[in-house]
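Asks: Next up, upload-v3.tsv (TSV, C-alpha atoms).
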```
chain	number	residue	atom	x	y	z
A	1	MET	CA	-2.76	4.61	5.96
A	2	ASP	CA	-4.41	6.84	3.52
A	3	PHE	CA	-7.49	7.94	1.69
A	4	GLN	CA	-8.42	5.63	-1.12
A	5	ILE	CA	-11.47	7.06	-2.77
A	6	SER	CA	-11.56	10.11	-4.96
A	7	GLU	CA	-13.84	12.17	-2.73
A	8	ASP	CA	-11.53	11.68	0.24
A	9	SER	CA	-8.25	12.10	-1.59
A	10	ALA	CA	-9.29	15.40	-3.16
A	11	PRO	CA	-7.75	18.55	-1.71
A	12	SER	CA	-9.17	19.51	1.69
A	13	GLU	CA	-12.11	21.89	1.48
A	14	PHE	CA	-14.76	23.44	3.65
A	15	ILE	CA	-17.74	21.21	4.42
A	16	SER	CA	-21.03	22.66	3.22
A	17	GLU	CA	-24.32	22.33	5.06
A	18	GLU	CA	-25.59	20.20	2.16
A	19	GLN	CA	-22.73	17.75	2.62
A	20	ARG	CA	-23.46	17.52	6.33
A	21	ARG	CA	-27.14	16.81	5.62
A	22	GLN	CA	-26.15	13.91	3.37
A	23	LEU	CA	-24.88	12.04	6.44
A	24	VAL	CA	-28.06	12.51	8.45
A	25	GLY	CA	-29.47	9.16	9.54
A	26	ARG	CA	-28.08	6.21	11.40
A	27	PRO	CA	-25.32	4.22	9.70
A	28	PRO	CA	-25.48	0.41	9.62
A	29	ALA	CA	-23.49	-1.55	12.18
A	30	THR	CA	-20.82	-2.14	9.55
A	31	GLY	CA	-20.00	-0.34	6.32
A	32	ALA	CA	-18.71	-3.59	4.79
A	33	TRP	CA	-19.87	-5.02	1.49
A	34	LEU	CA	-21.91	-8.08	2.46
A	35	ALA	CA	-23.00	-11.17	0.55
A	36	GLY	CA	-26.24	-10.29	-1.20
A	37	ASP	CA	-25.26	-6.66	-1.80
A	38	PRO	CA	-24.97	-5.51	-5.44
A	39	ILE	CA	-21.79	-6.98	-6.94
A	40	GLY	CA	-21.05	-4.05	-9.24
A	41	ASN	CA	-17.90	-4.70	-11.27
A	42	ARG	CA	-16.42	-7.16	-8.78
A	43	LYS	CA	-15.18	-10.58	-9.78
A	44	PHE	CA	-14.14	-13.25	-7.32
A	45	SER	CA	-11.26	-15.67	-7.09
A	46	GLU	CA	-11.81	-19.37	-6.74
A	47	PRO	CA	-11.90	-20.42	-3.07
A	48	PHE	CA	-8.44	-21.19	-1.70
A	49	SER	CA	-6.86	-22.27	1.55
A	50	ILE	CA	-4.03	-20.24	3.01
A	51	THR	CA	-1.65	-21.00	5.86
A	52	LEU	CA	-0.74	-17.84	7.75
A	53	GLU	CA	2.54	-16.89	9.41
A	54	SER	CA	0.83	-17.61	12.72
A	55	GLY	CA	0.32	-21.22	11.64
A	56	LYS	CA	-3.45	-20.77	11.46
A	57	GLN	CA	-5.34	-21.58	8.28
A	58	ILE	CA	-8.22	-19.92	6.50
A	59	GLN	CA	-10.22	-22.36	4.41
A	60	SER	CA	-12.27	-21.32	1.36
A	61	ALA	CA	-10.90	-17.76	1.30
A	62	LYS	CA	-11.78	-15.53	-1.62
A	63	LEU	CA	-10.47	-12.26	-3.02
A	64	ALA	CA	-12.73	-9.77	-4.77
A	65	TYR	CA	-11.08	-7.99	-7.67
A	66	GLU	CA	-11.70	-5.80	-10.69
A	67	SER	CA	-9.80	-5.66	-13.95
A	68	TRP	CA	-9.40	-3.45	-17.00
A	69	GLY	CA	-7.87	-4.09	-20.41
A	70	GLU	CA	-7.26	-7.48	-21.97
A	71	LEU	CA	-4.79	-10.18	-20.97
A	72	ASN	CA	-2.76	-11.06	-24.06
A	73	ALA	CA	-2.16	-14.58	-25.37
A	74	ASP	CA	1.24	-14.82	-23.70
A	75	LYS	CA	-0.19	-13.52	-20.40
A	76	ASP	CA	2.78	-11.21	-20.00
A	77	ASN	CA	1.07	-7.79	-19.99
A	78	ALA	CA	-0.44	-7.87	-16.48
A	79	VAL	CA	-0.05	-5.03	-13.99
A	80	LEU	CA	-1.11	-5.74	-10.41
A	81	VAL	CA	-2.13	-2.43	-8.81
A	82	LEU	CA	-2.67	-2.80	-5.08
A	83	HIS	CA	-4.74	-0.57	-2.82
A	84	ALA	CA	-3.82	0.95	0.51
A	85	LEU	CA	-5.43	0.64	3.93
A	86	THR	CA	-8.97	1.84	3.33
A	87	GLY	CA	-9.17	1.21	-0.39
A	88	ASP	CA	-10.79	-1.53	-2.41
A	89	SER	CA	-10.84	-3.05	-5.87
A	90	HIS	CA	-12.66	-0.08	-7.43
A	91	THR	CA	-9.51	1.64	-8.64
A	92	ILE	CA	-11.12	3.43	-11.58
A	93	GLY	CA	-14.63	4.05	-12.78
A	94	ASN	CA	-17.73	5.91	-11.74
A	95	SER	CA	-19.80	5.39	-8.66
A	96	GLY	CA	-22.88	3.24	-9.14
A	97	GLU	CA	-24.60	0.09	-7.99
A	98	GLY	CA	-22.22	-1.81	-5.74
A	99	HIS	CA	-19.73	1.07	-5.80
A	100	PRO	CA	-20.95	4.06	-3.79
A	101	THR	CA	-17.83	6.06	-4.65
A	102	ALA	CA	-15.83	6.67	-7.80
A	103	GLY	CA	-12.47	4.99	-8.37
A	104	TRP	CA	-9.52	6.12	-6.27
A	105	TRP	CA	-7.02	6.42	-9.16
A	106	ASN	CA	-9.13	7.84	-11.97
A	107	GLY	CA	-6.86	9.73	-14.35
A	108	VAL	CA	-3.94	7.34	-13.85
A	109	ILE	CA	-5.30	4.09	-15.30
A	110	GLY	CA	-7.28	3.80	-18.52
A	111	PRO	CA	-7.03	3.94	-22.31
A	112	ASP	CA	-4.09	6.14	-23.35
A	113	LEU	CA	-3.43	7.15	-19.73
A	114	TYR	CA	-0.25	6.61	-17.69
A	115	ILE	CA	-1.07	2.95	-17.09
A	116	ASP	CA	-2.53	2.36	-20.52
A	117	THR	CA	-5.25	-0.27	-20.62
A	118	ASN	CA	-4.85	-0.46	-24.39
A	119	ARG	CA	-1.49	-2.12	-23.62
A	120	PHE	CA	-1.87	-3.62	-20.17
A	121	PHE	CA	-4.22	-5.89	-18.29
A	122	VAL	CA	-4.66	-4.15	-14.94
A	123	ILE	CA	-6.04	-5.93	-11.90
A	124	THR	CA	-6.76	-4.68	-8.38
A	125	PRO	CA	-7.87	-7.12	-5.67
A	126	ASN	CA	-9.40	-6.17	-2.35
A	127	VAL	CA	-6.90	-7.22	0.30
A	128	LEU	CA	-7.40	-10.35	2.42
A	129	GLY	CA	-8.93	-9.14	5.67
A	130	GLY	CA	-10.64	-6.24	3.89
A	131	CYS	CA	-14.32	-5.47	3.87
A	132	GLN	CA	-15.24	-4.91	0.24
A	133	GLY	CA	-15.77	-8.45	-1.02
A	134	SER	CA	-12.63	-10.30	0.04
A	135	THR	CA	-12.66	-12.69	2.98
A	136	GLY	CA	-12.38	-10.74	6.21
A	137	PRO	CA	-13.93	-10.29	9.65
A	138	SER	CA	-17.34	-9.33	8.21
A	139	SER	CA	-17.43	-12.48	6.04
A	140	LEU	CA	-19.21	-15.63	7.18
A	141	ASP	CA	-17.12	-18.28	8.86
A	142	PRO	CA	-17.59	-22.06	8.27
A	143	LYS	CA	-20.42	-22.04	10.83
A	144	GLY	CA	-22.33	-19.35	8.94
A	145	ARG	CA	-21.70	-16.48	11.34
A	146	GLU	CA	-19.50	-13.42	10.83
A	147	TRP	CA	-15.89	-14.14	11.70
A	148	GLY	CA	-15.84	-11.01	13.85
A	149	ALA	CA	-13.17	-11.04	16.53
A	150	ASN	CA	-12.32	-14.66	15.66
A	151	PHE	CA	-10.83	-13.71	12.30
A	152	PRO	CA	-7.12	-14.63	12.39
A	153	GLN	CA	-4.62	-11.82	12.67
A	154	LEU	CA	-2.86	-11.29	9.34
A	155	THR	CA	0.55	-9.98	8.38
A	156	ILE	CA	1.62	-8.09	5.28
A	157	ARG	CA	3.30	-11.31	4.08
A	158	ASP	CA	0.07	-13.28	4.50
A	159	GLN	CA	-1.75	-10.78	2.32
A	160	ALA	CA	1.02	-10.81	-0.29
A	161	GLN	CA	0.73	-14.60	-0.39
A	162	ALA	CA	-3.01	-14.27	-1.10
A	163	PHE	CA	-2.30	-11.89	-3.99
A	164	SER	CA	0.19	-14.39	-5.40
A	165	ILE	CA	-2.41	-17.16	-5.20
A	166	LEU	CA	-4.89	-15.03	-7.13
A	167	MET	CA	-2.41	-14.36	-9.92
A	168	GLN	CA	-1.62	-18.06	-10.16
A	169	GLN	CA	-5.31	-18.85	-10.41
A	170	LEU	CA	-5.50	-16.44	-13.35
A	171	GLY	CA	-2.60	-18.23	-15.02
A	172	ILE	CA	-0.36	-15.17	-14.81
A	173	GLU	CA	3.20	-16.21	-14.01
A	174	LYS	CA	4.99	-12.87	-14.51
A	175	TYR	CA	3.67	-9.40	-13.84
A	176	VAL	CA	4.38	-5.82	-12.79
A	177	VAL	CA	3.30	-4.83	-9.28
A	178	ILE	CA	2.60	-1.27	-8.11
A	179	GLY	CA	1.57	-0.14	-4.66
A	180	GLY	CA	1.46	2.98	-2.52
A	181	SER	CA	1.50	3.25	1.28
A	182	MET	CA	0.29	-0.08	2.76
A	183	ALA	CA	0.13	-1.45	-0.78
A	184	GLY	CA	3.81	-0.60	-1.18
A	185	MET	CA	4.48	-2.91	1.77
A	186	HIS	CA	2.68	-5.71	-0.08
A	187	ALA	CA	4.56	-4.93	-3.27
A	188	LEU	CA	7.93	-5.15	-1.50
A	189	GLU	CA	7.04	-8.53	-0.01
A	190	LEU	CA	5.90	-9.87	-3.38
A	191	ALA	CA	9.17	-8.81	-4.97
A	192	ILE	CA	11.24	-10.41	-2.19
A	193	GLU	CA	9.23	-13.62	-1.81
A	194	TYR	CA	8.49	-14.22	-5.50
A	195	PRO	CA	11.38	-12.62	-7.43
A	196	GLU	CA	10.90	-14.91	-10.44
A	197	ARG	CA	7.37	-13.57	-10.95
A	198	ILE	CA	7.79	-9.80	-10.54
A	199	THR	CA	9.16	-8.18	-13.70
A	200	ARG	CA	8.92	-4.54	-12.59
A	201	LEU	CA	8.12	-2.89	-9.28
A	202	GLY	CA	6.63	0.43	-8.22
A	203	ILE	CA	6.90	1.55	-4.58
A	204	LEU	CA	5.12	4.79	-3.74
A	205	ALA	CA	5.29	6.53	-0.34
A	206	ALA	CA	5.91	3.29	1.55
A	207	PRO	CA	8.49	2.28	4.18
A	208	PRO	CA	10.76	-0.78	4.42
A	209	TYR	CA	9.43	-1.40	7.93
A	210	SER	CA	6.97	0.18	10.34
A	211	THR	CA	8.77	2.31	12.91
A	212	ALA	CA	7.97	2.66	16.62
A	213	ASP	CA	6.46	6.07	15.88
A	214	GLN	CA	4.16	4.64	13.21
A	215	ILE	CA	3.13	1.71	15.44
A	216	ALA	CA	2.36	4.17	18.24
A	217	LEU	CA	0.15	6.26	15.96
A	218	ASN	CA	-1.65	3.10	14.86
A	219	THR	CA	-2.12	1.84	18.40
A	220	VAL	CA	-4.07	4.86	19.64
A	221	GLN	CA	-6.43	4.51	16.67
A	222	LEU	CA	-7.09	0.86	17.47
A	223	GLU	CA	-7.72	1.67	21.13
A	224	ALA	CA	-10.22	4.33	20.07
A	225	ILE	CA	-12.23	1.61	18.33
A	226	ARG	CA	-11.91	-0.94	21.12
A	227	SER	CA	-12.93	1.60	23.76
A	228	ASP	CA	-16.27	2.22	22.02
A	229	GLU	CA	-18.80	0.29	24.11
A	230	ASN	CA	-20.69	-0.59	20.92
A	231	PHE	CA	-17.63	-2.42	19.63
A	232	ALA	CA	-18.68	-5.19	22.03
A	233	GLY	CA	-15.41	-7.05	21.74
A	234	GLY	CA	-15.84	-7.26	17.96
A	235	TRP	CA	-19.37	-8.77	18.03
A	236	TYR	CA	-21.53	-5.93	16.73
A	237	TYR	CA	-22.83	-7.22	13.40
A	238	ASP	CA	-26.36	-7.82	14.69
A	239	ALA	CA	-26.62	-4.31	16.13
A	240	LYS	CA	-29.35	-2.01	14.85
A	241	PRO	CA	-28.39	0.97	12.67
A	242	GLY	CA	-26.74	3.61	14.79
A	243	PHE	CA	-25.59	1.13	17.43
A	244	GLY	CA	-22.37	-0.12	15.86
A	245	PRO	CA	-18.87	1.07	16.89
A	246	HIS	CA	-19.24	4.27	14.90
A	247	ARG	CA	-17.82	6.71	17.42
A	248	GLY	CA	-14.64	4.72	17.87
A	249	LEU	CA	-14.12	4.07	14.16
A	250	ALA	CA	-14.82	7.69	13.25
A	251	LEU	CA	-12.39	8.87	15.92
A	252	ALA	CA	-9.70	6.54	14.57
A	253	ARG	CA	-10.30	8.00	11.13
A	254	ARG	CA	-9.94	11.55	12.42
A	255	MET	CA	-6.64	10.66	14.07
A	256	ALA	CA	-5.31	9.02	10.93
A	257	LEU	CA	-6.38	11.92	8.73
A	258	LEU	CA	-3.98	14.25	10.50
A	259	ASN	CA	-1.08	12.14	9.25
A	260	TYR	CA	-2.30	11.91	5.68
A	261	ARG	CA	-2.25	15.64	5.06
A	262	SER	CA	0.39	18.30	5.63
A	263	PRO	CA	0.17	21.08	8.24
A	264	GLN	CA	0.64	23.56	5.40
A	265	GLU	CA	-2.49	22.39	3.60
A	266	LEU	CA	-4.72	22.39	6.69
A	267	ASN	CA	-3.45	25.77	7.89
A	268	GLU	CA	-3.79	27.43	4.50
A	269	ARG	CA	-7.22	26.00	3.70
A	270	PHE	CA	-8.91	26.36	7.07
A	271	GLY	CA	-6.93	28.72	9.25
A	272	ARG	CA	-9.08	29.65	12.25
A	273	THR	CA	-12.28	29.95	10.25
A	274	TRP	CA	-15.58	29.03	11.93
A	275	GLN	CA	-17.93	26.47	10.43
A	276	SER	CA	-21.09	28.16	9.09
A	277	GLN	CA	-20.00	31.44	10.71
A	278	VAL	CA	-21.07	30.17	14.16
A	279	SER	CA	-18.61	31.11	16.90
A	280	PRO	CA	-16.94	28.19	18.70
A	281	ILE	CA	-16.15	30.60	21.52
A	282	THR	CA	-19.54	32.11	22.36
A	283	GLU	CA	-22.11	30.07	20.41
A	284	GLN	CA	-20.88	26.46	20.81
A	285	GLY	CA	-19.95	26.32	17.14
A	286	LYS	CA	-16.97	24.53	15.58
A	287	TYR	CA	-13.86	25.57	13.73
A	288	ALA	CA	-14.01	24.65	10.06
A	289	VAL	CA	-11.19	22.12	10.43
A	290	GLU	CA	-13.16	20.36	13.19
A	291	SER	CA	-16.16	20.06	10.93
A	292	TYR	CA	-13.93	18.72	8.17
A	293	LEU	CA	-12.64	15.97	10.45
A	294	ASP	CA	-16.13	15.17	11.72
A	295	PHE	CA	-17.53	14.88	8.22
A	296	HIS	CA	-14.87	12.48	6.98
A	297	GLY	CA	-15.04	10.39	10.15
A	298	ASN	CA	-18.81	10.06	9.87
A	299	LYS	CA	-18.59	9.32	6.16
A	300	PHE	CA	-15.97	6.63	6.72
A	301	VAL	CA	-18.09	4.49	9.03
A	302	ARG	CA	-20.61	4.08	6.21
A	303	ARG	CA	-18.10	2.31	3.97
A	304	PHE	CA	-15.74	0.44	6.29
A	305	ASP	CA	-15.76	-2.22	9.00
A	306	ALA	CA	-14.25	-1.70	12.45
A	307	ASN	CA	-12.85	-5.25	12.74
A	308	SER	CA	-11.25	-4.96	9.31
A	309	TYR	CA	-9.66	-1.67	10.30
A	310	ILE	CA	-8.12	-3.29	13.37
A	311	ASN	CA	-6.90	-6.31	11.41
A	312	LEU	CA	-5.39	-4.33	8.55
A	313	VAL	CA	-3.70	-1.74	10.76
A	314	SER	CA	-2.26	-4.55	12.88
A	315	ALA	CA	-0.94	-6.13	9.67
A	316	MET	CA	0.80	-2.84	8.88
A	317	ASN	CA	2.41	-2.94	12.32
A	318	SER	CA	3.89	-6.34	11.38
A	319	HIS	CA	5.65	-4.90	8.35
A	320	ASP	CA	9.41	-5.35	8.36
A	321	VAL	CA	11.14	-6.71	5.25
A	322	GLY	CA	14.09	-7.70	7.45
A	323	ARG	CA	12.04	-9.82	9.87
A	324	GLY	CA	13.27	-13.41	9.76
A	325	ARG	CA	15.82	-12.44	7.12
A	326	GLU	CA	19.43	-11.37	7.47
A	327	SER	CA	18.63	-7.64	7.56
A	328	VAL	CA	16.46	-4.97	5.96
A	329	VAL	CA	19.24	-4.05	3.55
A	330	SER	CA	19.98	-7.62	2.49
A	331	ALA	CA	16.27	-8.34	1.98
A	332	LEU	CA	15.88	-5.28	-0.24
A	333	HIS	CA	19.04	-6.17	-2.14
A	334	GLN	CA	17.33	-9.38	-3.28
A	335	ILE	CA	15.07	-7.25	-5.50
A	336	LYS	CA	16.71	-7.27	-8.92
A	337	CYS	CA	13.92	-6.11	-11.23
A	338	PRO	CA	13.66	-2.50	-12.49
A	339	THR	CA	12.10	-0.52	-9.65
A	340	LEU	CA	10.49	2.87	-9.21
A	341	VAL	CA	10.84	4.24	-5.69
A	342	LEU	CA	8.89	7.44	-5.13
A	343	GLY	CA	8.60	9.58	-2.02
A	344	ILE	CA	6.82	12.79	-1.09
A	345	GLU	CA	8.94	15.57	0.34
A	346	ASN	CA	6.67	16.50	3.28
A	347	ASP	CA	5.13	13.08	4.01
A	348	ARG	CA	4.75	12.96	7.79
A	349	LEU	CA	3.23	9.47	7.86
A	350	PHE	CA	6.01	7.64	6.00
A	351	PRO	CA	8.91	10.11	5.87
A	352	ILE	CA	11.12	10.17	2.84
A	353	SER	CA	14.01	8.61	4.76
A	354	GLY	CA	12.24	5.27	4.42
A	355	GLN	CA	12.03	5.50	0.65
A	356	GLN	CA	15.67	6.60	0.54
A	357	LEU	CA	16.67	3.43	2.38
A	358	ILE	CA	14.71	1.34	-0.10
A	359	ALA	CA	16.27	3.13	-3.07
A	360	ASP	CA	19.78	2.80	-1.64
A	361	SER	CA	19.34	-0.93	-0.98
A	362	ILE	CA	17.51	-2.21	-4.07
A	363	GLY	CA	19.66	-4.73	-5.94
A	364	GLY	CA	18.38	-3.88	-9.42
A	365	PRO	CA	18.17	-0.74	-11.58
A	366	LEU	CA	16.22	2.27	-10.33
A	367	ILE	CA	13.87	4.14	-12.65
A	368	GLY	CA	15.41	7.58	-13.03
A	369	GLY	CA	18.63	6.31	-11.48
A	370	GLN	CA	17.69	7.36	-7.95
A	371	LEU	CA	14.83	7.96	-5.53
A	372	GLN	CA	12.14	10.02	-7.22
A	373	VAL	CA	10.89	12.83	-4.96
A	374	ILE	CA	7.80	14.90	-5.66
A	375	GLN	CA	6.67	18.09	-3.96
A	376	SER	CA	3.06	18.19	-2.80
A	377	GLU	CA	1.20	20.43	-0.42
A	378	PHE	CA	-1.02	17.42	0.36
A	379	GLY	CA	1.62	15.40	2.20
A	380	HIS	CA	1.29	11.61	2.17
A	381	ASP	CA	-1.85	11.63	0.04
A	382	GLY	CA	0.11	13.30	-2.74
A	383	PHE	CA	0.69	9.89	-4.31
A	384	LEU	CA	-3.07	9.74	-4.94
A	385	ILE	CA	-3.67	13.37	-5.82
A	386	GLU	CA	-0.62	14.42	-7.88
A	387	THR	CA	-1.76	12.58	-10.99
A	388	GLN	CA	0.72	14.05	-13.46
A	389	ALA	CA	3.80	13.87	-11.24
A	390	VAL	CA	3.12	10.29	-10.16
A	391	GLY	CA	1.64	9.10	-13.44
A	392	SER	CA	4.55	10.30	-15.56
A	393	ARG	CA	6.97	8.28	-13.41
A	394	LEU	CA	4.76	5.20	-13.59
A	395	GLN	CA	4.82	5.62	-17.35
A	396	GLN	CA	8.63	5.47	-17.25
A	397	LEU	CA	8.46	2.30	-15.19
A	398	LEU	CA	6.29	0.65	-17.83
A	399	LEU	CA	8.30	1.67	-20.89
```
Show this structure as C-alpha cells.
Replies:
Amino acid sequence: MDFQISEDSAPSEFISEEQRRQLVGRPPATGAWLAGDPIGNRKFSEPFSITLESGKQIQSAKLAYESWGELNADKDNAVLVLHALTGDSHTIGNSGEGHPTAGWWNGVIGPDLYIDTNRFFVITPNVLGGCQGSTGPSSLDPKGREWGANFPQLTIRDQAQAFSILMQQLGIEKYVVIGGSMAGMHALELAIEYPERITRLGILAAPPYSTADQIALNTVQLEAIRSDENFAGGWYYDAKPGFGPHRGLALARRMALLNYRSPQELNERFGRTWQSQVSPITEQGKYAVESYLDFHGNKFVRRFDANSYINLVSAMNSHDVGRGRESVVSALHQIKCPTLVLGIENDRLFPISGQQLIADSIGGPLIGGQLQVIQSEFGHDGFLIETQAVGSRLQQLLL
C-alpha cells in the first residue's frame, strides 16, 4: 500500500492554511472516475469475460490504460508498468482534464529517461477492481446499477490474469513487466503464471506473500471503512456530497500512511511542532503531524472509492506465490527471466527480508547479481521518490 500520485509521494511537509482551504467543501460520495467524466488520456480495452479464482465470472469487464512511445513492428519493445494500491493509469504527465493529479512516476519514464519511450512502448493499466476507469465496484453492473458490495472479491492472480488478457488484446506476446508494492505482487504472478511471455521482470519493495502482520494492518483499515455509518454496507453511491463514507476511508488512509513513511522522516520533519502555532494543549489546536495526516486523508477521499479500497486491500491479503503450489521457494524458482529485485533498507510495510527471499529463490539471473538495496529516509515510498537510485537500476534491467 502506498502513495501513487506525485503530490502524495513527495517528501512529507507542513500543511499550509492555503492547502487546507483547498479541501473546503463536501466531497462526492465516491472519488471514483465515473462513466461520463472527462476521459483524459485513458484508452480502454475491449470488453472481456474473466473467470475468477472464486469460480465467479465478470462479464464485459474493461481495463482503462495509458501508453507512451510506439510499439514496434515486431511488437517486442513493450514494458508493462503496473501501479500500486491507490494508483491509476496516469503514470506520467501533467494534471489536467480527466487527471486531477500529475503522474506518479514522472522523471522515470519518458524520452531519454530511465525507461526511455524513444525505445520502449510503455503501458500502464488501471487494475481490475480499481476506480479510475477499469471495471470495479463503482462501475455499472449488467442491470445498470453500481456493483457496490456485490462486486466479486478479487485476488492478485485474478488481476494478473486481467493484465495478461489486455496484453493479448494488444497483440503483444512478450514483454517486460515492472511493479512496486502491490504491483510487484502482480508482476510476480505474471512471471510465474505466464513465463513464456515475460522477458524481464522488475520487483520493487514487494513481498512474496502477505504476512500475518501485514494482513492485521490491512484489516483494521477495512474495519475503519465498514464502521462508518455512511458506508451503508457498500451502498452509498446515491448519497449527497458529504454523506459518503468519507470519515472511514480517510481514517484508513491515515493508518496506512504511517506504514508508508519512516519514523525518522516524520520525527525530523514535524517533531512536536504545532499546526499554525496554535497550542494543542491549551487552545485545542493540533500537532503539525496530525494536520498532515488529516490533510492527506481528506484529500484521498476525493480521488478514491471506499468499495475499491476494500476490494484491492483484500486482494493484497490473498497474495501468496506459494498458495496452491509446492512452496513459495519452488514457485519463485520457476522464474527464469532476468530479474531486478529491489528493496528499501528501512521499509516497515514490506521489510527487506521479503525481497531477500525473492532474490534468493529466483531461478534466473539477478540484475546486479544480488538483491539491490537502496537507502531512503522515506521508507516504503522510497521506490516512488528516489528517482535516480531506482531509475538507474531499472535502466540496467532494460539494457
Asks: Would you work out the distance separating atom CA of A:Gly129 from atom CA of A:His186, expressed in Å to one decimal?
Replies: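 These atoms are spaced 13.4 Å apart.
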Asks: Looking at A:Arg119, A:His380, A:Arg197, A:Arg323, which one is nearest to A:Leu71, with distances taken over only C-alpha atoms?
Replies: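 Of A:Arg119, A:His380, A:Arg197, A:Arg323, the one nearest A:Leu71, counting only C-alpha atoms, is A:Arg119.
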Asks: My list of candidates is A:Ala35, A:Trp68, A:Ile192, A:Gly364. Which is closest to A:Pro111 when distances are computed with all atoms listed in the file?
Replies: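 Going through A:Ala35, A:Trp68, A:Ile192, A:Gly364 one by one, the smallest distance to A:Pro111 is for A:Trp68.
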Asks: In terms of the shortest atom-to-atom distance over only C-alpha atoms, which of A:Glu377, A:Gly40, A:Gly242, A:Ile335 is closest to A:Leu266?
Replies: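 For A:Leu266, the nearest of the candidates is A:Glu377.
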Asks: Need to verify the contact set: A:His333, 7 Å, all atoms listed in the file, exclusion of same-chain residues closer than 3 positions in sequence. Can you return it as a VMD selection string?
Replies: chain A and resid 329 to 330 361 to 363
Asks: Could you turn the residues from that selection into a file that holds C-alpha atoms, as a CSV table (one decimal), in the coordinates of the input?
Replies:
```csv
chain,number,residue,atom,x,y,z
A,329,VAL,CA,19.2,-4.0,3.6
A,330,SER,CA,20.0,-7.6,2.5
A,361,SER,CA,19.3,-0.9,-1.0
A,362,ILE,CA,17.5,-2.2,-4.1
A,363,GLY,CA,19.7,-4.7,-5.9
```
Asks: Would you mind telling me which residue in A:Asn307, A:Asn77, A:Ser318, A:Gln277 lies nearest to A:Gln159 when using all atoms listed in the file?
Replies: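 Result for the nearest residue to A:Gln159: A:Ser318.
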Asks: Rounded to one decimal place, report the atom CA of A:Leu63-atom CA of A:Leu166 distance in Å.
Replies: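 The value is 7.5 Å.
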Asks: Give me, as a tab-separated table, each residue of stretch 255-337 of chain A that comes within 7 Å of stretch 131-138 of chain A, together with its shortest interatomic pair and the distance in Å at one decimal, counting only C-alpha atoms, with rows ordered by chain and rising residue number.
Replies:
```
residue	atom	partner	partner_atom	distance
A:Phe304	CA	A:Cys131	CA	6.5
A:Asp305	CA	A:Cys131	CA	6.2
A:Asn307	CA	A:Pro137	CA	6.0
A:Ser308	CA	A:Pro137	CA	6.0
```
Asks: Could you check which of A:Ala73, A:Ser139, A:Ala224, A:Gly96 is closest to A:Ala61, using only C-alpha atoms?
Replies: A:Ser139
Asks: I need the residue nearest A:Ile165 from this list: A:Gln388, A:Thr51, A:Gln372, A:Ser314. Use only C-alpha atoms for the distance.
Replies: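 Ranked by minimum distance to A:Ile165, first place goes to A:Thr51.
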Asks: For A:Ile50, please output as a list in words all residues within 8 Å (counting only C-alpha atoms; exclusion window: fewer than 6 positions along the same chain).
Replies: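 So, after excluding close chain neighbours, the residues are Gln57, Ile58, Gln59, Ala61 and Ala162 of chain A.
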Asks: Missing atoms in stretch 363-375 of chain A need filling: write out N, CA and C atoms for it as a short mmCIF file (atom, residue, chain, number, x, y, z; two decimals), in the frame of the given file.
Replies:
```
data_model
loop_
_atom_site.label_atom_id
_atom_site.label_comp_id
_atom_site.auth_asym_id
_atom_site.auth_seq_id
_atom_site.Cartn_x
_atom_site.Cartn_y
_atom_site.Cartn_z
N GLY A 363 18.57 -4.07 -5.23
CA GLY A 363 19.66 -4.73 -5.94
C GLY A 363 19.62 -4.57 -7.45
N GLY A 364 18.52 -4.05 -7.98
CA GLY A 364 18.38 -3.88 -9.42
C GLY A 364 18.39 -2.41 -9.82
N PRO A 365 18.14 -2.12 -11.10
CA PRO A 365 18.17 -0.74 -11.58
C PRO A 365 16.99 0.07 -11.07
N LEU A 366 17.25 1.35 -10.77
CA LEU A 366 16.22 2.27 -10.33
C LEU A 366 15.73 3.11 -11.50
N ILE A 367 14.43 3.25 -11.63
CA ILE A 367 13.87 4.14 -12.65
C ILE A 367 14.28 5.57 -12.31
N GLY A 368 14.89 6.25 -13.26
CA GLY A 368 15.41 7.58 -13.03
C GLY A 368 16.77 7.59 -12.37
N GLY A 369 17.29 6.41 -12.04
CA GLY A 369 18.63 6.31 -11.48
C GLY A 369 18.74 6.59 -10.00
N GLN A 370 17.66 7.01 -9.37
CA GLN A 370 17.69 7.36 -7.95
C GLN A 370 16.27 7.48 -7.43
N LEU A 371 16.14 7.70 -6.12
CA LEU A 371 14.83 7.96 -5.53
C LEU A 371 14.17 9.13 -6.24
N GLN A 372 12.91 8.95 -6.59
CA GLN A 372 12.14 10.02 -7.22
C GLN A 372 11.34 10.75 -6.13
N VAL A 373 11.55 12.04 -6.00
CA VAL A 373 10.89 12.83 -4.96
C VAL A 373 9.97 13.84 -5.62
N ILE A 374 8.73 13.88 -5.14
CA ILE A 374 7.80 14.90 -5.66
C ILE A 374 7.43 15.85 -4.52
N GLN A 375 7.14 17.08 -4.90
CA GLN A 375 6.67 18.09 -3.96
C GLN A 375 5.14 18.10 -4.00
#
```
